[in-house]
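Asker: The file below is data.tsv, TSV, C-alpha atoms:
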chain	number	residue	atom	x	y	z
A	1	MET	CA	6.11	-25.25	-150.11
A	2	LYS	CA	4.06	-26.22	-153.19
A	3	LYS	CA	6.89	-24.94	-155.43
A	4	ILE	CA	9.40	-27.22	-153.73
A	5	VAL	CA	7.09	-30.25	-154.10
A	6	ILE	CA	6.65	-29.51	-157.82
A	7	VAL	CA	10.41	-29.24	-158.31
A	8	LEU	CA	11.01	-32.52	-156.43
A	9	LEU	CA	8.44	-34.31	-158.60
A	10	LEU	CA	10.06	-32.89	-161.74
A	11	PHE	CA	13.49	-34.11	-160.74
A	12	ALA	CA	12.12	-37.52	-159.73
A	13	SER	CA	10.58	-37.85	-163.19
A	14	VAL	CA	13.78	-36.80	-164.93
A	15	PHE	CA	15.97	-39.20	-162.95
A	16	SER	CA	13.61	-42.13	-163.35
A	17	SER	CA	13.66	-41.70	-167.13
A	18	ALA	CA	17.43	-41.41	-167.07
A	19	GLN	CA	17.84	-45.07	-166.09
A	20	GLU	CA	17.25	-46.10	-169.71
A	21	ILE	CA	19.89	-43.74	-171.16
A	22	LYS	CA	23.12	-45.32	-172.31
A	23	PRO	CA	26.45	-43.50	-171.88
A	24	VAL	CA	26.99	-41.77	-175.22
A	25	LEU	CA	29.09	-38.77	-174.15
A	26	LYS	CA	32.59	-39.87	-175.08
A	27	ASP	CA	34.36	-36.57	-174.45
A	28	ASN	CA	32.85	-35.09	-171.33
A	29	ASP	CA	35.16	-32.21	-170.45
A	30	LEU	CA	32.90	-31.01	-167.63
A	31	LYS	CA	32.40	-27.44	-168.83
A	32	LEU	CA	29.53	-27.02	-166.44
A	33	ALA	CA	27.85	-23.64	-166.73
A	34	ALA	CA	26.84	-23.74	-163.07
A	35	ILE	CA	30.46	-23.84	-161.89
A	36	PRO	CA	32.71	-21.87	-164.24
A	37	TYR	CA	36.27	-22.65	-163.29
A	38	TYR	CA	39.13	-21.42	-165.38
A	39	SER	CA	41.41	-24.27	-166.41
A	40	TYR	CA	44.14	-24.39	-169.02
A	41	GLY	CA	43.38	-27.91	-170.15
A	42	LYS	CA	41.46	-30.43	-168.06
A	43	GLY	CA	43.59	-30.82	-164.94
A	44	LEU	CA	44.92	-34.23	-163.86
A	45	GLY	CA	42.51	-36.94	-164.98
A	46	ILE	CA	41.94	-40.57	-164.06
A	47	THR	CA	39.51	-42.81	-165.97
A	48	SER	CA	38.83	-46.45	-165.08
A	49	PRO	CA	39.57	-49.11	-167.74
A	50	ASP	CA	35.85	-49.83	-168.17
A	51	SER	CA	35.10	-46.07	-168.48
A	52	LEU	CA	32.57	-46.26	-165.64
A	53	PHE	CA	34.42	-43.80	-163.45
A	54	GLN	CA	36.27	-40.55	-164.10
A	55	LEU	CA	38.08	-38.22	-161.71
A	56	ASN	CA	39.70	-34.88	-162.58
A	57	ILE	CA	41.82	-33.13	-159.94
A	58	ARG	CA	42.53	-29.42	-160.07
A	59	PHE	CA	44.01	-26.89	-157.71
A	60	ARG	CA	44.68	-23.18	-157.60
A	61	MET	CA	46.42	-20.81	-155.27
A	62	GLN	CA	46.53	-17.03	-154.86
A	63	ASN	CA	49.38	-15.50	-152.85
A	64	ARG	CA	49.41	-11.74	-152.33
A	65	VAL	CA	51.08	-8.88	-150.53
A	66	THR	CA	49.25	-5.56	-150.01
A	67	PHE	CA	50.34	-2.12	-148.87
A	68	ILE	CA	47.36	-0.29	-147.30
A	69	GLN	CA	46.86	3.40	-146.50
A	70	ASN	CA	43.48	4.14	-144.93
A	71	ASP	CA	42.41	7.68	-144.18
A	72	GLY	CA	43.18	8.53	-140.54
A	73	ALA	CA	45.17	5.34	-139.92
A	74	ASP	CA	48.83	4.39	-140.03
A	75	ALA	CA	50.12	2.76	-143.21
A	76	ALA	CA	50.37	-1.03	-143.01
A	77	TYR	CA	50.96	-4.09	-145.15
A	78	SER	CA	49.65	-7.63	-145.20
A	79	GLY	CA	50.84	-10.86	-146.75
A	80	GLU	CA	48.45	-13.76	-147.14
A	81	ILE	CA	47.34	-16.83	-149.02
A	82	ARG	CA	44.11	-15.35	-150.28
A	83	ARG	CA	42.75	-18.52	-151.85
A	84	LEU	CA	43.75	-22.17	-151.81
A	85	ARG	CA	41.28	-24.45	-153.57
A	86	LEU	CA	41.02	-28.11	-154.53
A	87	ARG	CA	38.45	-29.22	-157.07
A	88	PHE	CA	37.40	-32.76	-157.99
A	89	ASP	CA	34.96	-33.54	-160.79
A	90	GLY	CA	34.00	-36.43	-163.01
A	91	TYR	CA	31.27	-39.04	-163.33
A	92	VAL	CA	30.34	-42.37	-161.82
A	93	GLY	CA	28.72	-45.19	-163.80
A	94	ASN	CA	27.37	-43.01	-166.57
A	95	PRO	CA	28.85	-39.81	-168.03
A	96	HIS	CA	25.40	-38.23	-168.02
A	97	PHE	CA	25.65	-38.17	-164.21
A	98	LEU	CA	28.41	-35.88	-163.01
A	99	TYR	CA	29.73	-34.60	-159.72
A	100	VAL	CA	31.70	-31.54	-158.67
A	101	ILE	CA	33.41	-30.98	-155.31
A	102	GLN	CA	35.39	-27.85	-154.45
A	103	LEU	CA	37.10	-27.32	-151.10
A	104	SER	CA	38.75	-24.19	-149.72
A	105	PHE	CA	41.52	-23.98	-147.14
A	106	ALA	CA	42.83	-20.40	-147.01
A	107	PRO	CA	41.76	-18.33	-143.96
A	108	GLY	CA	40.08	-15.74	-146.18
A	109	ASP	CA	38.00	-18.51	-147.77
A	110	VAL	CA	37.09	-20.42	-144.63
A	111	GLY	CA	36.36	-17.30	-142.57
A	112	GLU	CA	36.68	-16.69	-138.88
A	113	ILE	CA	35.78	-19.69	-136.73
A	114	GLU	CA	33.02	-18.71	-134.31
A	115	GLU	CA	31.22	-20.72	-131.66
A	116	GLY	CA	28.07	-22.26	-133.08
A	117	GLU	CA	29.15	-21.60	-136.69
A	118	ASN	CA	30.04	-24.21	-139.31
A	119	ILE	CA	33.54	-24.30	-140.79
A	120	ASN	CA	33.16	-23.21	-144.42
A	121	ILE	CA	35.57	-25.63	-146.09
A	122	ILE	CA	32.94	-26.92	-148.54
A	123	ARG	CA	32.32	-24.48	-151.38
A	124	ASP	CA	30.77	-26.75	-154.02
A	125	ALA	CA	29.22	-30.19	-153.65
A	126	ALA	CA	26.78	-30.90	-156.45
A	127	ILE	CA	25.44	-33.72	-158.60
A	128	PHE	CA	24.46	-33.04	-162.22
A	129	TYR	CA	22.28	-34.86	-164.67
A	130	ARG	CA	23.11	-33.77	-168.21
A	131	PRO	CA	21.03	-35.74	-170.74
A	132	ASN	CA	22.39	-33.81	-173.72
A	133	LYS	CA	24.43	-30.71	-174.58
A	134	HIS	CA	21.49	-28.39	-173.96
A	135	TRP	CA	20.00	-29.44	-170.62
A	136	SER	CA	21.61	-29.61	-167.19
A	137	PHE	CA	19.91	-30.38	-163.87
A	138	LEU	CA	21.71	-29.86	-160.59
A	139	PHE	CA	21.14	-30.83	-156.98
A	140	GLY	CA	23.47	-29.63	-154.25
A	141	GLN	CA	25.47	-26.56	-153.29
A	142	THR	CA	27.12	-24.22	-155.77
A	143	LYS	CA	26.93	-20.70	-157.18
A	144	LEU	CA	23.61	-19.21	-158.19
A	145	PRO	CA	23.22	-17.78	-161.71
A	146	GLY	CA	23.74	-14.17	-160.63
A	147	ASN	CA	25.94	-11.33	-161.85
A	148	ARG	CA	28.69	-12.13	-164.33
A	149	GLN	CA	31.63	-11.24	-162.12
A	150	ARG	CA	30.42	-13.44	-159.26
A	151	VAL	CA	29.69	-16.38	-161.55
A	152	ASN	CA	33.21	-16.14	-162.98
A	153	SER	CA	35.82	-17.94	-160.94
A	154	SER	CA	37.98	-15.70	-158.76
A	155	GLY	CA	40.88	-17.27	-160.66
A	156	ALA	CA	39.58	-15.75	-163.90
A	157	LEU	CA	39.54	-12.10	-162.78
A	158	GLN	CA	41.70	-9.37	-164.31
A	159	LEU	CA	42.10	-7.48	-161.02
A	160	THR	CA	42.91	-9.06	-157.68
A	161	ASP	CA	39.37	-8.69	-156.31
A	162	ARG	CA	35.83	-8.26	-157.52
A	163	SER	CA	34.19	-4.83	-157.41
A	164	ILE	CA	32.67	-3.02	-154.41
A	165	ASN	CA	29.21	-3.60	-155.90
A	166	ASN	CA	29.76	-7.33	-156.14
A	167	ALA	CA	30.81	-7.26	-152.47
A	168	ARG	CA	27.57	-5.49	-151.46
A	169	PHE	CA	24.85	-6.75	-153.80
A	170	THR	CA	25.82	-10.17	-155.14
A	171	ILE	CA	24.02	-13.44	-154.56
A	172	ASP	CA	26.34	-16.33	-153.78
A	173	ARG	CA	26.50	-20.07	-153.31
A	174	ASP	CA	23.35	-21.76	-152.07
A	175	PHE	CA	21.88	-25.25	-151.66
A	176	GLY	CA	19.02	-26.48	-153.79
A	177	PHE	CA	17.99	-27.31	-157.35
A	178	GLN	CA	19.07	-25.65	-160.59
A	179	ALA	CA	18.02	-26.23	-164.20
A	180	TYR	CA	19.82	-24.81	-167.26
A	181	TYR	CA	19.01	-24.76	-170.96
A	182	LEU	CA	22.09	-23.87	-173.01
A	183	ASN	CA	21.90	-23.05	-176.72
A	184	GLU	CA	25.33	-21.81	-177.78
A	185	ASN	CA	26.54	-21.68	-181.37
A	186	LYS	CA	29.89	-20.44	-182.63
A	187	ASP	CA	28.83	-17.95	-185.30
A	188	LYS	CA	25.12	-17.30	-184.82
A	189	PHE	CA	22.69	-15.99	-182.22
A	190	SER	CA	22.97	-17.92	-178.96
A	191	TYR	CA	21.17	-17.85	-175.63
A	192	ASN	CA	21.15	-19.53	-172.23
A	193	ILE	CA	18.33	-19.81	-169.68
A	194	LYS	CA	19.26	-20.58	-166.07
A	195	THR	CA	16.97	-21.08	-163.07
A	196	ALA	CA	17.33	-22.05	-159.41
A	197	VAL	CA	15.18	-22.87	-156.39
A	198	THR	CA	17.34	-22.83	-153.26
A	199	THR	CA	17.20	-22.42	-149.49
A	200	GLY	CA	18.34	-18.78	-149.56
A	201	GLU	CA	20.64	-19.09	-146.53
A	202	GLY	CA	23.96	-19.62	-148.31
A	203	ARG	CA	26.56	-22.34	-148.10
A	204	ASN	CA	26.81	-24.81	-145.23
A	205	TRP	CA	23.80	-23.42	-143.35
A	206	THR	CA	22.43	-25.77	-140.68
A	207	LYS	CA	21.24	-23.41	-137.92
A	208	SER	CA	17.52	-23.56	-138.63
A	209	SER	CA	14.91	-24.24	-141.29
A	210	ASP	CA	12.08	-22.03	-142.56
A	211	ASP	CA	9.42	-21.74	-145.26
A	212	GLY	CA	11.31	-19.13	-147.24
A	213	VAL	CA	13.08	-20.09	-150.47
A	214	ALA	CA	15.18	-18.16	-152.98
A	215	LEU	CA	13.98	-18.07	-156.59
A	216	THR	CA	16.51	-17.08	-159.26
A	217	GLY	CA	16.30	-16.75	-163.03
A	218	LYS	CA	18.78	-15.55	-165.63
A	219	LEU	CA	18.79	-14.98	-169.40
A	220	GLU	CA	22.03	-14.67	-171.39
A	221	LEU	CA	22.10	-13.45	-175.00
A	222	MET	CA	25.06	-13.68	-177.40
A	223	PRO	CA	23.96	-11.99	-180.66
A	224	PHE	CA	27.16	-12.80	-182.58
A	225	GLY	CA	27.64	-16.32	-181.27
A	226	SER	CA	29.53	-17.91	-178.41
A	227	PHE	CA	32.99	-16.78	-177.25
A	228	LYS	CA	36.23	-18.68	-177.89
A	229	LYS	CA	37.31	-21.07	-175.13
A	230	ASP	CA	34.16	-20.32	-173.07
A	231	GLY	CA	35.25	-16.69	-172.99
A	232	THR	CA	32.13	-15.57	-171.10
A	233	ASN	CA	33.61	-17.28	-168.04
A	234	PHE	CA	36.84	-15.31	-167.80
A	235	GLU	CA	37.68	-11.61	-167.89
A	236	GLY	CA	39.89	-10.05	-170.54
A	237	ASP	CA	40.36	-11.17	-174.13
A	238	VAL	CA	43.26	-13.57	-173.57
A	239	ALA	CA	41.79	-15.75	-176.36
A	240	ARG	CA	41.96	-12.75	-178.76
A	241	GLU	CA	38.56	-12.96	-180.44
A	242	GLU	CA	38.91	-12.69	-184.22
A	243	LYS	CA	35.38	-11.29	-184.56
A	244	PRO	CA	33.53	-9.00	-182.13
A	245	LYS	CA	31.62	-10.96	-179.49
A	246	LEU	CA	28.89	-9.57	-177.24
A	247	LEU	CA	27.19	-10.94	-174.13
A	248	VAL	CA	24.14	-9.25	-172.60
A	249	SER	CA	22.47	-10.82	-169.59
A	250	GLY	CA	19.85	-10.08	-166.98
A	251	ALA	CA	19.06	-11.88	-163.73
A	252	PHE	CA	16.52	-11.56	-160.93
A	253	SER	CA	16.55	-13.23	-157.53
A	254	GLN	CA	14.01	-13.04	-154.73
A	255	ASN	CA	15.11	-14.38	-151.36
A	256	ASN	CA	12.04	-14.95	-149.21
A	257	LEU	CA	12.47	-14.58	-145.45
A	258	SER	CA	16.23	-14.30	-145.65
A	259	LYS	CA	18.01	-14.73	-142.32
A	260	ARG	CA	21.27	-12.98	-143.27
A	261	THR	CA	22.11	-9.36	-144.07
A	262	GLN	CA	23.16	-10.13	-147.65
A	263	GLY	CA	20.93	-13.09	-148.35
A	264	GLN	CA	23.42	-15.94	-148.81
A	265	LEU	CA	26.15	-13.87	-147.12
A	266	GLY	CA	26.64	-11.64	-144.11
A	267	LYS	CA	25.75	-11.69	-140.43
A	268	ASP	CA	22.51	-13.08	-139.02
A	269	LEU	CA	19.61	-10.61	-139.09
A	270	PHE	CA	17.59	-9.92	-135.96
A	271	GLU	CA	14.47	-10.61	-138.05
A	272	SER	CA	13.93	-12.25	-141.42
A	273	LYS	CA	13.64	-10.01	-144.50
A	274	THR	CA	12.51	-10.69	-148.06
A	275	THR	CA	15.00	-9.19	-150.51
A	276	LYS	CA	15.05	-8.73	-154.28
A	277	ALA	CA	18.19	-8.47	-156.41
A	278	VAL	CA	18.52	-7.33	-160.03
A	279	PHE	CA	21.61	-7.80	-162.23
A	280	VAL	CA	22.30	-6.57	-165.77
A	281	ASP	CA	25.64	-7.32	-167.44
A	282	ALA	CA	27.30	-6.57	-170.77
A	283	MET	CA	30.62	-7.89	-172.10
A	284	VAL	CA	32.37	-7.15	-175.40
A	285	LYS	CA	35.61	-8.79	-176.61
A	286	TYR	CA	37.57	-8.29	-179.81
A	287	ASN	CA	41.23	-8.64	-180.81
A	288	GLY	CA	42.62	-8.29	-177.28
A	289	TRP	CA	40.20	-5.56	-176.18
A	290	ALA	CA	37.56	-6.27	-173.55
A	291	PHE	CA	34.87	-4.07	-172.02
A	292	MET	CA	32.53	-5.02	-169.20
A	293	SER	CA	29.72	-3.10	-167.57
A	294	ALA	CA	27.36	-4.19	-164.81
A	295	TYR	CA	24.36	-2.87	-162.89
A	296	MET	CA	23.50	-4.43	-159.51
A	297	SER	CA	20.82	-3.61	-156.96
A	298	ARG	CA	19.14	-4.99	-153.87
A	299	SER	CA	15.83	-3.89	-152.37
A	300	ALA	CA	13.93	-4.82	-149.22
A	301	LYS	CA	10.97	-3.42	-147.32
A	302	ASP	CA	12.07	-1.99	-143.95
A	303	PRO	CA	15.75	-2.97	-144.35
A	304	ILE	CA	16.68	-2.22	-140.71
A	305	ALA	CA	16.19	-5.12	-138.28
A	306	TYR	CA	16.00	-4.46	-134.53
A	307	ASN	CA	16.90	-6.79	-131.71
A	308	PRO	CA	13.53	-7.65	-130.05
A	309	GLU	CA	15.28	-7.92	-126.68
A	310	ASP	CA	17.10	-4.58	-127.00
A	311	ILE	CA	15.76	-2.09	-129.57
A	312	THR	CA	18.94	-0.03	-129.31
A	313	GLU	CA	20.74	-2.87	-131.10
A	314	PHE	CA	20.12	-3.37	-134.81
A	315	ASN	CA	21.57	-4.46	-138.14
A	316	PHE	CA	20.42	-3.94	-141.72
A	317	VAL	CA	20.16	-5.24	-145.26
A	318	PRO	CA	22.50	-3.23	-147.55
A	319	VAL	CA	19.94	-1.94	-150.05
A	320	GLY	CA	20.92	0.29	-152.94
A	321	SER	CA	22.46	0.05	-156.39
A	322	GLY	CA	25.75	0.39	-158.23
A	323	MET	CA	27.48	0.42	-161.62
A	324	ASP	CA	30.81	-1.08	-162.73
A	325	TYR	CA	32.82	-0.20	-165.84
A	326	GLN	CA	35.93	-2.15	-166.83
A	327	LEU	CA	38.20	-1.77	-169.90
A	328	SER	CA	41.33	-3.72	-170.81
A	329	TYR	CA	43.74	-4.62	-173.56
A	330	VAL	CA	46.00	-7.69	-173.86
A	331	PHE	CA	49.18	-7.00	-175.84
A	332	PRO	CA	50.64	-9.72	-178.10
A	333	THR	CA	53.37	-10.09	-175.44
A	334	ASN	CA	50.64	-11.25	-172.99
A	335	TYR	CA	50.91	-8.15	-170.84
A	336	GLU	CA	47.57	-6.58	-170.06
A	337	ILE	CA	46.47	-3.19	-168.75
A	338	ILE	CA	43.14	-2.87	-166.94
A	339	GLY	CA	41.07	0.01	-165.62
A	340	ARG	CA	37.89	-0.19	-163.56
A	341	PHE	CA	35.54	2.47	-162.18
A	342	SER	CA	32.67	1.69	-159.78
A	343	THR	CA	29.96	3.83	-158.23
A	344	GLN	CA	27.70	2.76	-155.36
A	345	LYS	CA	24.68	4.57	-153.95
A	346	MET	CA	22.95	3.29	-150.84
A	347	HIS	CA	19.19	3.60	-150.31
A	348	LYS	CA	17.96	6.58	-148.30
A	349	ASP	CA	16.75	4.28	-145.51
A	350	ILE	CA	20.35	3.34	-144.61
A	351	GLN	CA	22.41	6.30	-145.86
A	352	MET	CA	23.06	7.37	-142.26
A	353	LEU	CA	24.53	3.92	-141.55
A	354	THR	CA	26.85	3.36	-144.52
A	355	PRO	CA	28.52	5.66	-147.06
A	356	ASN	CA	28.09	6.07	-150.79
A	357	SER	CA	31.26	4.99	-152.57
A	358	LYS	CA	33.35	5.35	-155.69
A	359	GLN	CA	36.30	3.15	-156.51
A	360	TYR	CA	39.10	3.55	-159.06
A	361	SER	CA	41.43	0.66	-159.98
A	362	ILE	CA	44.35	0.31	-162.40
A	363	GLY	CA	46.01	-3.04	-162.97
A	364	LEU	CA	48.87	-4.64	-164.89
A	365	THR	CA	48.90	-8.39	-165.53
A	366	LYS	CA	51.46	-10.69	-167.09
A	367	TYR	CA	49.90	-13.92	-168.34
A	368	LEU	CA	52.45	-16.72	-168.18
A	369	TRP	CA	49.93	-19.49	-168.87
A	370	GLU	CA	46.68	-17.65	-169.53
A	371	HIS	CA	44.63	-17.16	-166.32
A	372	ALA	CA	46.04	-20.37	-164.84
A	373	PHE	CA	49.47	-18.82	-164.14
A	374	LYS	CA	49.73	-15.04	-163.96
A	375	LEU	CA	51.32	-12.13	-162.13
A	376	GLN	CA	49.05	-9.23	-161.15
A	377	GLY	CA	49.73	-5.72	-159.90
A	378	GLU	CA	46.99	-3.31	-158.84
A	379	VAL	CA	46.47	0.16	-157.39
A	380	THR	CA	43.01	0.97	-155.99
A	381	LEU	CA	41.53	4.15	-154.49
A	382	SER	CA	38.22	4.10	-152.60
A	383	ASP	CA	36.34	7.39	-152.11
A	384	LEU	CA	33.77	7.24	-149.30
A	385	ASN	CA	31.10	9.95	-148.85
A	386	TYR	CA	29.16	9.94	-145.58
A	387	PHE	CA	25.70	11.26	-144.75
A	388	ASP	CA	27.11	14.05	-142.56
A	389	GLY	CA	29.13	15.44	-145.49
A	390	SER	CA	32.51	14.01	-144.42
A	391	ASN	CA	34.77	12.16	-146.83
A	392	LYS	CA	37.45	9.48	-146.54
A	393	GLN	CA	39.88	8.17	-149.12
A	394	ASN	CA	41.53	4.77	-148.72
A	395	TRP	CA	43.96	3.17	-151.13
A	396	TYR	CA	46.12	0.11	-151.53
A	397	VAL	CA	48.86	-1.28	-153.77
A	398	ARG	CA	48.88	-5.04	-154.29
A	399	PHE	CA	50.96	-7.73	-155.96
A	400	GLN	CA	49.42	-11.17	-156.48
A	401	LEU	CA	50.57	-14.46	-158.00
A	402	GLU	CA	48.00	-16.97	-159.25
A	403	ILE	CA	48.86	-20.53	-160.22
A	404	GLY	CA	46.69	-23.57	-160.86
A	405	ILE	CA	45.66	-26.34	-163.21
Could you write out this file's structure as structure tokens?

Answerer:
Amino acid sequence: MKKIVIVLLLFASVFSSAQEIKPVLKDNDLKLAAIPYYSYGKGLGITSPDSLFQLNIRFRMQNRVTFIQNDGADAAYSGEIRRLRLRFDGYVGNPHFLYVIQLSFAPGDVGEIEEGENINIIRDAAIFYRPNKHWSFLFGQTKLPGNRQRVNSSGALQLTDRSINNARFTIDRDFGFQAYYLNENKDKFSYNIKTAVTTGEGRNWTKSSDDGVALTGKLELMPFGSFKKDGTNFEGDVAREEKPKLLVSGAFSQNNLSKRTQGQLGKDLFESKTTKAVFVDAMVKYNGWAFMSAYMSRSAKDPIAYNPEDITEFNFVPVGSGMDYQLSYVFPTNYEIIGRFSTQKMHKDIQMLTPNSKQYSIGLTKYLWEHAFKLQGEVTLSDLNYFDGSNKQNWYVRFQLEIGI
């Protein structure tokens, strides 16, 4: 509780001093590190004649069809609108004070409507105070500074989905305070420091309150300078870096008394658990080539939670670790080939409840308008190894179209 009071006093001090700052940012393109969002250009913008108000409108849509063959099941296919998003951003009164709103409407985004649960239309709703190009302070709901692939927009991915390790171990959107210090330079050593103090229960949580908070910190290093066109925020070298660029980052998040199986995600636990997550990422881009590697892990003491009213009923925190490896090349014709390999090993405490996994993916993408308008094809095989020695292999073939501004 003392930590929250300290943070509130800090933000009160910052905002009180901000009243004397005059609007000096003439070209505020809203490249907010807390909400990376791939955009070719700046969307559709409206600025009032007196420059006291600005609104940018953006949308994106993912339509896909998938052929699925799961081990032991009949072949099937699905067609769906995977994502449909609207984003609004800008400033009011002073370009140092910014806002971002992102709404989702596709069934896969909103999730299944259950009695007593909130409808998850709101993805981002945050207010920023950015006194200069280095500092940013945020209050509201948005992504935490976690692993690289999660922080990247789903519209900036090379394959149609994030990896199996991201699905198991990531931290996601949360409500609270964030503070960033960004020090990026084009051709010399650069670094970013990102921190967050949040509720730990994920987006749109209103069921109950508790004394547990999530504490997150991240350090990003770019030894050879920043990437072209904010290239850390999208996969693949569509910008074709003329010099080798490298990003190395590490993040740690502790979610105290988490109420959900995956911290900000998942089903409600029968009892609260404190979890710790570690993320290490590396990204290299040069002349159309791109390589990414990531380590993710989650740990928790006594990860299995039992129903106090019926001890035969239980759920668990997915603890364990995994590695991702991803390599790609963009041809001058804007076709791209991508390969990804992921391994996932679950902790011994839950190995009887969930399998270890490997996943192999190959993709082909045609960029019509960079990541904003692209055609994607993908073949993925998942290899599942169970505690009893049995094995299952599931695979799918998918075509996806992405379009947005």

Asker: Skip stretch 332-334 of chain A itself and residues of its chain fewer than 6 positions away, then list as a list in words all residues within 8 Å of it, counting all atoms listed in the file.

Answerer: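 Near stretch 332-334 of chain A, the qualifying residues are Val238, Lys366, Tyr367 and Leu368 of chain A.
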
Asker: Dig up all the protein and nucleic acid residues within 6 Å of (39.4, -28.8, -161.7) in the file frame, using only C-alpha atoms, and format them as a list in words.

Answerer: Gly43, Ile57, Arg58, Arg87 and Phe88 of chain A

Asker: Rounded to one decimal, what separation in Å do you get between atom CA of A:Glu114 and atom CA of A:Arg203?

Answerer: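 So the two atoms, atom CA of A:Glu114 and atom CA of A:Arg203, lie 15.7 Å apart.
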
Asker: Residues at most 7 Å from A:Val284, counting all atoms listed in the file, excluding those fewer than 6 positions away in the same chain, as a short mmCIF file (atom, residue, chain, number, x, y, z; two decimals) with C-alpha atoms, in the frame of the given file?

Answerer:
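The result, written out as result-v8.cif:
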data_model
loop_
_atom_site.label_atom_id
_atom_site.label_comp_id
_atom_site.auth_asym_id
_atom_site.auth_seq_id
_atom_site.Cartn_x
_atom_site.Cartn_y
_atom_site.Cartn_z
CA LYS A 245 31.62 -10.96 -179.49
CA LEU A 246 28.89 -9.57 -177.24
CA LEU A 247 27.19 -10.94 -174.13
CA ALA A 290 37.56 -6.27 -173.55
CA PHE A 291 34.87 -4.07 -172.02
CA MET A 292 32.53 -5.02 -169.20
#

Asker: Using all atoms listed in the file, determine which residues lie at most 7 Å from A:Leu98, disregarding the query and same-chain residues fewer than 5 positions distant; provide the list as a list in words.

Answerer: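 Listing them by chain and then by number gives Gly90, Tyr91, Val92, Ile127, Phe128 and Tyr129 of chain A.
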
Asker: So which one's closest to A:Thr66, A:Asp210, A:Glu378, A:Glu402, A:Glu184? Using only C-alpha atoms, please.

Answerer: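 Answer, going by the shortest atom-to-atom distance: A:Glu378.
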
Asker: Up to 12 Å from (23.6, -28.9, -140.0) in the file's coordinates: name the residues, counting all atoms listed in the file, as a tab-separated table (two decimals) with C-alpha atoms, in the coordinates of the input.

Answerer:
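Here's the written file selection_19.tsv:
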chain	number	residue	atom	x	y	z
A	116	GLY	CA	28.07	-22.26	-133.08
A	117	GLU	CA	29.15	-21.60	-136.69
A	118	ASN	CA	30.04	-24.21	-139.31
A	119	ILE	CA	33.54	-24.30	-140.79
A	120	ASN	CA	33.16	-23.21	-144.42
A	203	ARG	CA	26.56	-22.34	-148.10
A	204	ASN	CA	26.81	-24.81	-145.23
A	205	TRP	CA	23.80	-23.42	-143.35
A	206	THR	CA	22.43	-25.77	-140.68
A	207	LYS	CA	21.24	-23.41	-137.92
A	208	SER	CA	17.52	-23.56	-138.63
A	209	SER	CA	14.91	-24.24	-141.29

Asker: Can you work out which one of A:Ile122, A:Leu257, A:Met296, A:Ala372 has the shortest atom-to-atom distance to A:Ile403, counting all atoms listed in the file?

Answerer: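 Looking only at the distances to A:Ile403, the closest residue turns out to be A:Ala372.
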
Asker: One number please: atom CA of A:Asn192 to atom CA of A:Glu220, in Å, one decimal.

Answerer: 5.0 Å

Asker: Check the smallest atom-to-atom distance from each of A:Thr142, A:Thr199, A:Ser190, A:Ser299 to A:Asp172 using all atoms listed in the file, then report the winner.

Answerer: A:Thr142

Asker: Of the candidates A:Lys133, A:Arg82, A:Arg60, A:Arg168, which shows the shortest atom-to-atom distance to A:Leu182, using only C-alpha atoms?

Answerer: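 Checking each of A:Lys133, A:Arg82, A:Arg60, A:Arg168 against A:Leu182, counting only C-alpha atoms, the winner is A:Lys133.
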